[in-house]
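Encoded as structure tokens, the structure appears first; notes follow it.
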Amino acid sequence: MENLSYKETVDLLKESHDLTESQLITLLDGDRQCKNYLYETARRTTDAIFGRTVYLRGLVEFSNICKNDCYYCGIRRSHSHITRYRLSGEEILRCADKGYRLGFRTIVLQSGEDLYYTADMLCSIIREIKQSHPDMAVTLSIGEKERDFYQACFDAGADRFLLRHETATRLHYEQLHPPEMSYEHRMNCLKTLREIGYQTGCGFMVGSPGQTGHHLYRDLMFIKEFHPHMVGIGPFLSQKDTPFAKEANGSPNDTLVLLSIIRLLEPKVLLPATTALNTIASDGRESGLLAGANVIMPNLSPPDVREQYLLYDNKRHTGAESAEALDELEKSIGRIGFRIDFSRGDHPDYCCGTESVKRR
Ligand code: 5AD
């Protein structure tokens, strides 16, 4: 089994949807030509399931206030040089309306862990979005909550939930987060979200401080076991006012390799080419698609707050990153043979969207 060539390792991964830790290292260490074979294999797998299309999600960053103090994050509680903001329910609804007019059929409501928004408030926002736009999927990305909170939002009509696990190794989790944050709690949240019936997404940063090949392998095995509907990964990018200011950025090439591996492990997964990847590499979006990604999440926040939601330095939020510039996005992905699919873009195994899931 061992001593497979790079190409044999890729072929085996494609057939078995599995790999060993040493095969992961082989895939990360290959030369450019080898990696191109991996990317092409992952892309062909994506094409076979989704075609050469990209699903869009309109991202509304509705609050940059956060109770947590994650060492890597630019909106951590202790970061005192940023202007904090919260959008009102009314403002969030206006973003949804605008997104709908632009053609988006998924809105992602993302925020720091801001206790100002109670379950009741979010539920009424979700209900209003659904009332105005019954064919729009609502994705939440609001961090760790208790089961009742998640259940209430689901019952109000939320369809999907993104909660990156960040790392599937407890000790590494503790290197990235302060002691009051709990690895167990985060992992339990993911399980709860699935149980409730959300299409659930996990994910991690590539090249986060202290991360080893072994950690990455455990992340991949966690994904295989958890079998999420969505996986969000992007390179770690240092933010100058965080404890990790001096840490090196994650590698865009490693990110592409991992995108391809995730595609081959979980062929039907919804996999975004993230803003972080497009921030560190000018062609990150296109490279990500060519390595097997099939989702893009343009920024739909009110333009005046986009400057304030800076998880890392130099975050891109203009041009084709912004929801207003869909024609620019269409052109840039069109050049590499992709087109936008304006449907809701549910996971292929998620039958009929909302109808199939019992809400209370
Ligand atoms: N670099 C890259 N990604 C980051 N995130 C937070 N801070 C950074 C950073 N400095 C990611 C985390 C989080 C998601 C919303 O953004 O993985 O879950």
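In the structure tokens, each chain is lettered A, B, ... as it comes, each chain's residues begin at 1, and ligands are numbered from 1 in order of appearance.
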
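Using only C-alpha atoms and all ligand atoms, we find that the residues with an atom at most 7 Å from any atom of ligand 1 are Tyr72, Cys73, Gly74, Leu163, Arg164, Glu166, Gly203, Phe204, Met205, Gly234, Pro235, Phe236, Leu237, Ser238, Gln239, Ala276, Leu311 and Tyr312 of chain A.
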
Go ahead and dump the residues you just picked, N, CA and C atoms, as a PDB file, in the first residue's frame.
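See result_3.pdb below for the written result:
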```pdb
ATOM      1  N   TYR A  72      -7.004  34.303  17.153  1.00  0.00           N
ATOM      2  CA  TYR A  72      -6.722  34.588  15.745  1.00  0.00           C
ATOM      3  C   TYR A  72      -7.618  35.669  15.144  1.00  0.00           C
ATOM      4  N   CYS A  73      -8.692  36.014  15.827  1.00  0.00           N
ATOM      5  CA  CYS A  73      -9.778  36.714  15.134  1.00  0.00           C
ATOM      6  C   CYS A  73      -9.768  38.225  15.346  1.00  0.00           C
ATOM      7  N   GLY A  74      -9.926  38.954  14.265  1.00  0.00           N
ATOM      8  CA  GLY A  74      -9.900  40.416  14.293  1.00  0.00           C
ATOM      9  C   GLY A  74     -11.091  41.064  14.975  1.00  0.00           C
ATOM     10  N   LEU A 163     -20.867  26.402  11.317  1.00  0.00           N
ATOM     11  CA  LEU A 163     -20.090  26.559  12.554  1.00  0.00           C
ATOM     12  C   LEU A 163     -18.777  25.820  12.347  1.00  0.00           C
ATOM     13  N   ARG A 164     -17.749  26.558  11.981  1.00  0.00           N
ATOM     14  CA  ARG A 164     -16.468  25.874  11.778  1.00  0.00           C
ATOM     15  C   ARG A 164     -16.013  25.241  13.088  1.00  0.00           C
ATOM     16  N   GLU A 166     -12.988  24.543  13.670  1.00  0.00           N
ATOM     17  CA  GLU A 166     -11.682  25.222  13.805  1.00  0.00           C
ATOM     18  C   GLU A 166     -10.510  24.244  13.899  1.00  0.00           C
ATOM     19  N   GLY A 203     -15.710  23.292   9.502  1.00  0.00           N
ATOM     20  CA  GLY A 203     -14.564  23.769   8.733  1.00  0.00           C
ATOM     21  C   GLY A 203     -13.440  24.241   9.631  1.00  0.00           C
ATOM     22  N   PHE A 204     -12.349  24.629   9.006  1.00  0.00           N
ATOM     23  CA  PHE A 204     -11.147  24.999   9.771  1.00  0.00           C
ATOM     24  C   PHE A 204     -10.284  25.932   8.939  1.00  0.00           C
ATOM     25  N   MET A 205      -9.314  26.537   9.625  1.00  0.00           N
ATOM     26  CA  MET A 205      -8.339  27.380   8.934  1.00  0.00           C
ATOM     27  C   MET A 205      -7.134  26.518   8.571  1.00  0.00           C
ATOM     28  N   GLY A 234     -10.267  28.019   4.760  1.00  0.00           N
ATOM     29  CA  GLY A 234      -9.510  29.103   4.141  1.00  0.00           C
ATOM     30  C   GLY A 234      -8.200  29.208   4.887  1.00  0.00           C
ATOM     31  N   PRO A 235      -7.211  29.880   4.287  1.00  0.00           N
ATOM     32  CA  PRO A 235      -5.936  30.022   4.982  1.00  0.00           C
ATOM     33  C   PRO A 235      -6.084  30.898   6.228  1.00  0.00           C
ATOM     34  N   PHE A 236      -5.354  30.572   7.284  1.00  0.00           N
ATOM     35  CA  PHE A 236      -5.239  31.502   8.411  1.00  0.00           C
ATOM     36  C   PHE A 236      -4.528  32.751   7.904  1.00  0.00           C
ATOM     37  N   LEU A 237      -5.042  33.926   8.251  1.00  0.00           N
ATOM     38  CA  LEU A 237      -4.399  35.187   7.871  1.00  0.00           C
ATOM     39  C   LEU A 237      -4.233  36.018   9.131  1.00  0.00           C
ATOM     40  N   SER A 238      -3.017  36.485   9.380  1.00  0.00           N
ATOM     41  CA  SER A 238      -2.791  37.148  10.655  1.00  0.00           C
ATOM     42  C   SER A 238      -3.463  38.522  10.664  1.00  0.00           C
ATOM     43  N   GLN A 239      -3.886  38.919  11.836  1.00  0.00           N
ATOM     44  CA  GLN A 239      -4.509  40.232  12.020  1.00  0.00           C
ATOM     45  C   GLN A 239      -3.619  40.972  13.018  1.00  0.00           C
ATOM     46  N   ALA A 276     -11.054  34.421   2.345  1.00  0.00           N
ATOM     47  CA  ALA A 276      -9.671  34.359   2.847  1.00  0.00           C
ATOM     48  C   ALA A 276      -8.734  33.851   1.756  1.00  0.00           C
ATOM     49  N   LEU A 311     -11.984  40.133   9.955  1.00  0.00           N
ATOM     50  CA  LEU A 311     -11.494  39.008  10.749  1.00  0.00           C
ATOM     51  C   LEU A 311      -9.979  38.912  10.660  1.00  0.00           C
ATOM     52  N   TYR A 312      -9.426  39.423   9.544  1.00  0.00           N
ATOM     53  CA  TYR A 312      -7.979  39.396   9.315  1.00  0.00           C
ATOM     54  C   TYR A 312      -7.620  40.595   8.458  1.00  0.00           C
TER      55      TYR A 312
END
```

Please extract the residues of stretch 81-310 of chain A with a backbone DSSP assignment of strand (DSSP E) and present them as a PDB file with C-alpha atoms, in the first residue's frame.
```pdb
ATOM      1  CA  THR A 106     -29.519  32.008  -0.066  1.00  0.00           C
ATOM      2  CA  ILE A 107     -28.779  34.595   2.577  1.00  0.00           C
ATOM      3  CA  VAL A 108     -26.140  33.887   5.206  1.00  0.00           C
ATOM      4  CA  LEU A 109     -26.623  35.786   8.451  1.00  0.00           C
ATOM      5  CA  GLN A 110     -23.233  35.911  10.129  1.00  0.00           C
ATOM      6  CA  SER A 111     -22.090  37.707  13.268  1.00  0.00           C
ATOM      7  CA  ALA A 137     -32.771  29.726   2.026  1.00  0.00           C
ATOM      8  CA  VAL A 138     -31.583  31.213   5.311  1.00  0.00           C
ATOM      9  CA  THR A 139     -28.214  30.144   6.665  1.00  0.00           C
ATOM     10  CA  LEU A 140     -27.081  31.141  10.143  1.00  0.00           C
ATOM     11  CA  SER A 141     -23.466  31.599  11.183  1.00  0.00           C
ATOM     12  CA  ARG A 160     -28.667  25.808   7.288  1.00  0.00           C
ATOM     13  CA  PHE A 161     -26.008  26.548   9.883  1.00  0.00           C
ATOM     14  CA  LEU A 162     -22.292  27.140   9.534  1.00  0.00           C
ATOM     15  CA  GLN A 199     -27.930  21.428   6.719  1.00  0.00           C
ATOM     16  CA  THR A 200     -24.769  21.802   8.721  1.00  0.00           C
ATOM     17  CA  GLY A 201     -21.324  23.090   7.837  1.00  0.00           C
ATOM     18  CA  CYS A 202     -18.057  22.713   9.721  1.00  0.00           C
ATOM     19  CA  GLY A 203     -14.564  23.769   8.733  1.00  0.00           C
ATOM     20  CA  PHE A 204     -11.147  24.999   9.771  1.00  0.00           C
ATOM     21  CA  MET A 205      -8.339  27.380   8.934  1.00  0.00           C
ATOM     22  CA  VAL A 206      -5.369  26.079   6.980  1.00  0.00           C
ATOM     23  CA  MET A 230     -20.961  22.121   3.830  1.00  0.00           C
ATOM     24  CA  VAL A 231     -17.295  22.625   4.631  1.00  0.00           C
ATOM     25  CA  GLY A 232     -15.676  26.059   4.896  1.00  0.00           C
ATOM     26  CA  ILE A 233     -11.902  26.254   4.816  1.00  0.00           C
ATOM     27  CA  GLY A 234      -9.510  29.103   4.141  1.00  0.00           C
ATOM     28  CA  PRO A 235      -5.936  30.022   4.982  1.00  0.00           C
ATOM     29  CA  VAL A 295     -19.856  27.915  -3.800  1.00  0.00           C
ATOM     30  CA  ILE A 296     -19.068  31.643  -3.635  1.00  0.00           C
TER      31      ILE A 296
END
```

Write out as a CSV table (one decimal) with N, CA, C and O atoms, in the first residue's frame each polymer residue whose atoms come within 7 Å of stretch 152-156 of chain A, counting only C-alpha atoms; drop sequence neighbours fewer than 5 positions from it.
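Dumped everything to out.csv:
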```csv
chain,number,residue,atom,x,y,z
A,119,ALA,N,-33.0,34.8,20.8
A,119,ALA,CA,-33.6,33.9,19.9
A,119,ALA,C,-34.9,34.5,19.3
A,119,ALA,O,-35.2,34.4,18.1
A,122,LEU,N,-34.0,37.0,16.5
A,122,LEU,CA,-33.6,36.3,15.3
A,122,LEU,C,-34.7,35.6,14.6
A,122,LEU,O,-34.9,35.6,13.4
A,123,CYS,N,-35.6,34.9,15.5
A,123,CYS,CA,-36.7,34.2,14.9
A,123,CYS,C,-37.6,35.1,14.1
A,123,CYS,O,-38.1,34.8,13.0
A,126,ILE,N,-35.9,35.9,10.8
A,126,ILE,CA,-36.0,34.8,9.9
A,126,ILE,C,-37.4,34.6,9.3
A,126,ILE,O,-37.6,34.4,8.1
A,127,ARG,N,-38.4,34.7,10.2
A,127,ARG,CA,-39.8,34.6,9.7
A,127,ARG,C,-40.1,35.7,8.7
A,127,ARG,O,-40.8,35.4,7.7
A,359,ARG,N,-40.8,20.7,11.1
A,359,ARG,CA,-40.5,21.8,12.1
A,359,ARG,C,-41.6,21.8,13.1
A,359,ARG,O,-42.8,21.4,12.8
A,360,ARG,N,-41.3,22.2,14.3
A,360,ARG,CA,-42.4,22.1,15.4
A,360,ARG,C,-43.4,23.2,15.1
A,360,ARG,O,-43.1,24.3,14.6
```

If you take only C-alpha atoms and a cut-off of 12 Å, which residues of stretch 16-88 of chain A touch stretch 242-245 of chain A, and what are their nearest atom pairs and distances in Å to one decimal, in chain and number order, as a tab-separated table?
```
residue	atom	partner	partner_atom	distance
A:Asp69	CA	A:Thr242	CA	9.4
A:Cys70	CA	A:Thr242	CA	8.7
A:Tyr71	CA	A:Pro243	CA	5.6
A:Tyr72	CA	A:Phe244	CA	5.7
A:Cys73	CA	A:Thr242	CA	6.8
A:Gly74	CA	A:Thr242	CA	6.5
A:Ile75	CA	A:Thr242	CA	9.1
A:Arg76	CA	A:Thr242	CA	8.0
A:Arg77	CA	A:Thr242	CA	10.3
A:Ser78	CA	A:Thr242	CA	8.5
A:His79	CA	A:Thr242	CA	7.2
A:Ser80	CA	A:Thr242	CA	10.4
A:His81	CA	A:Thr242	CA	11.0
```

Residue selection dump (N, CA and C atoms) as a PDB file, in the first residue's frame:
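Result went into again-v5.pdb, see below:
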```
ATOM      1  N   ASP A  69     -12.936  35.634  22.653  1.00  0.00           N
ATOM      2  CA  ASP A  69     -11.626  36.264  22.523  1.00  0.00           C
ATOM      3  C   ASP A  69     -10.646  35.346  21.790  1.00  0.00           C
ATOM      4  N   CYS A  70     -11.100  34.729  20.732  1.00  0.00           N
ATOM      5  CA  CYS A  70     -10.272  33.796  19.965  1.00  0.00           C
ATOM      6  C   CYS A  70      -8.980  34.491  19.548  1.00  0.00           C
ATOM      7  N   TYR A  71      -7.858  33.809  19.721  1.00  0.00           N
ATOM      8  CA  TYR A  71      -6.559  34.470  19.539  1.00  0.00           C
ATOM      9  C   TYR A  71      -6.299  34.905  18.099  1.00  0.00           C
ATOM     10  N   TYR A  72      -7.004  34.303  17.153  1.00  0.00           N
ATOM     11  CA  TYR A  72      -6.722  34.588  15.745  1.00  0.00           C
ATOM     12  C   TYR A  72      -7.618  35.669  15.144  1.00  0.00           C
ATOM     13  N   CYS A  73      -8.692  36.014  15.827  1.00  0.00           N
ATOM     14  CA  CYS A  73      -9.778  36.714  15.134  1.00  0.00           C
ATOM     15  C   CYS A  73      -9.768  38.225  15.346  1.00  0.00           C
ATOM     16  N   GLY A  74      -9.926  38.954  14.265  1.00  0.00           N
ATOM     17  CA  GLY A  74      -9.900  40.416  14.293  1.00  0.00           C
ATOM     18  C   GLY A  74     -11.091  41.064  14.975  1.00  0.00           C
ATOM     19  N   ILE A  75     -12.171  40.325  15.198  1.00  0.00           N
ATOM     20  CA  ILE A  75     -13.299  40.940  15.924  1.00  0.00           C
ATOM     21  C   ILE A  75     -13.425  40.380  17.340  1.00  0.00           C
ATOM     22  N   ARG A  76     -12.315  39.836  17.857  1.00  0.00           N
ATOM     23  CA  ARG A  76     -12.305  39.306  19.229  1.00  0.00           C
ATOM     24  C   ARG A  76     -12.627  40.429  20.221  1.00  0.00           C
ATOM     25  N   ARG A  77     -13.169  40.011  21.340  1.00  0.00           N
ATOM     26  CA  ARG A  77     -13.634  40.964  22.360  1.00  0.00           C
ATOM     27  C   ARG A  77     -12.571  42.001  22.731  1.00  0.00           C
ATOM     28  N   SER A  78     -11.311  41.568  22.909  1.00  0.00           N
ATOM     29  CA  SER A  78     -10.292  42.512  23.392  1.00  0.00           C
ATOM     30  C   SER A  78      -9.775  43.474  22.339  1.00  0.00           C
ATOM     31  N   HIS A  79     -10.189  43.309  21.111  1.00  0.00           N
ATOM     32  CA  HIS A  79      -9.694  44.225  20.085  1.00  0.00           C
ATOM     33  C   HIS A  79     -10.396  45.565  20.233  1.00  0.00           C
ATOM     34  N   SER A  80      -9.632  46.558  20.719  1.00  0.00           N
ATOM     35  CA  SER A  80     -10.298  47.814  21.078  1.00  0.00           C
ATOM     36  C   SER A  80     -10.245  48.868  19.980  1.00  0.00           C
ATOM     37  N   HIS A  81      -9.454  48.646  18.914  1.00  0.00           N
ATOM     38  CA  HIS A  81      -9.357  49.716  17.899  1.00  0.00           C
ATOM     39  C   HIS A  81     -10.392  49.618  16.793  1.00  0.00           C
TER      40      HIS A  81
END
```
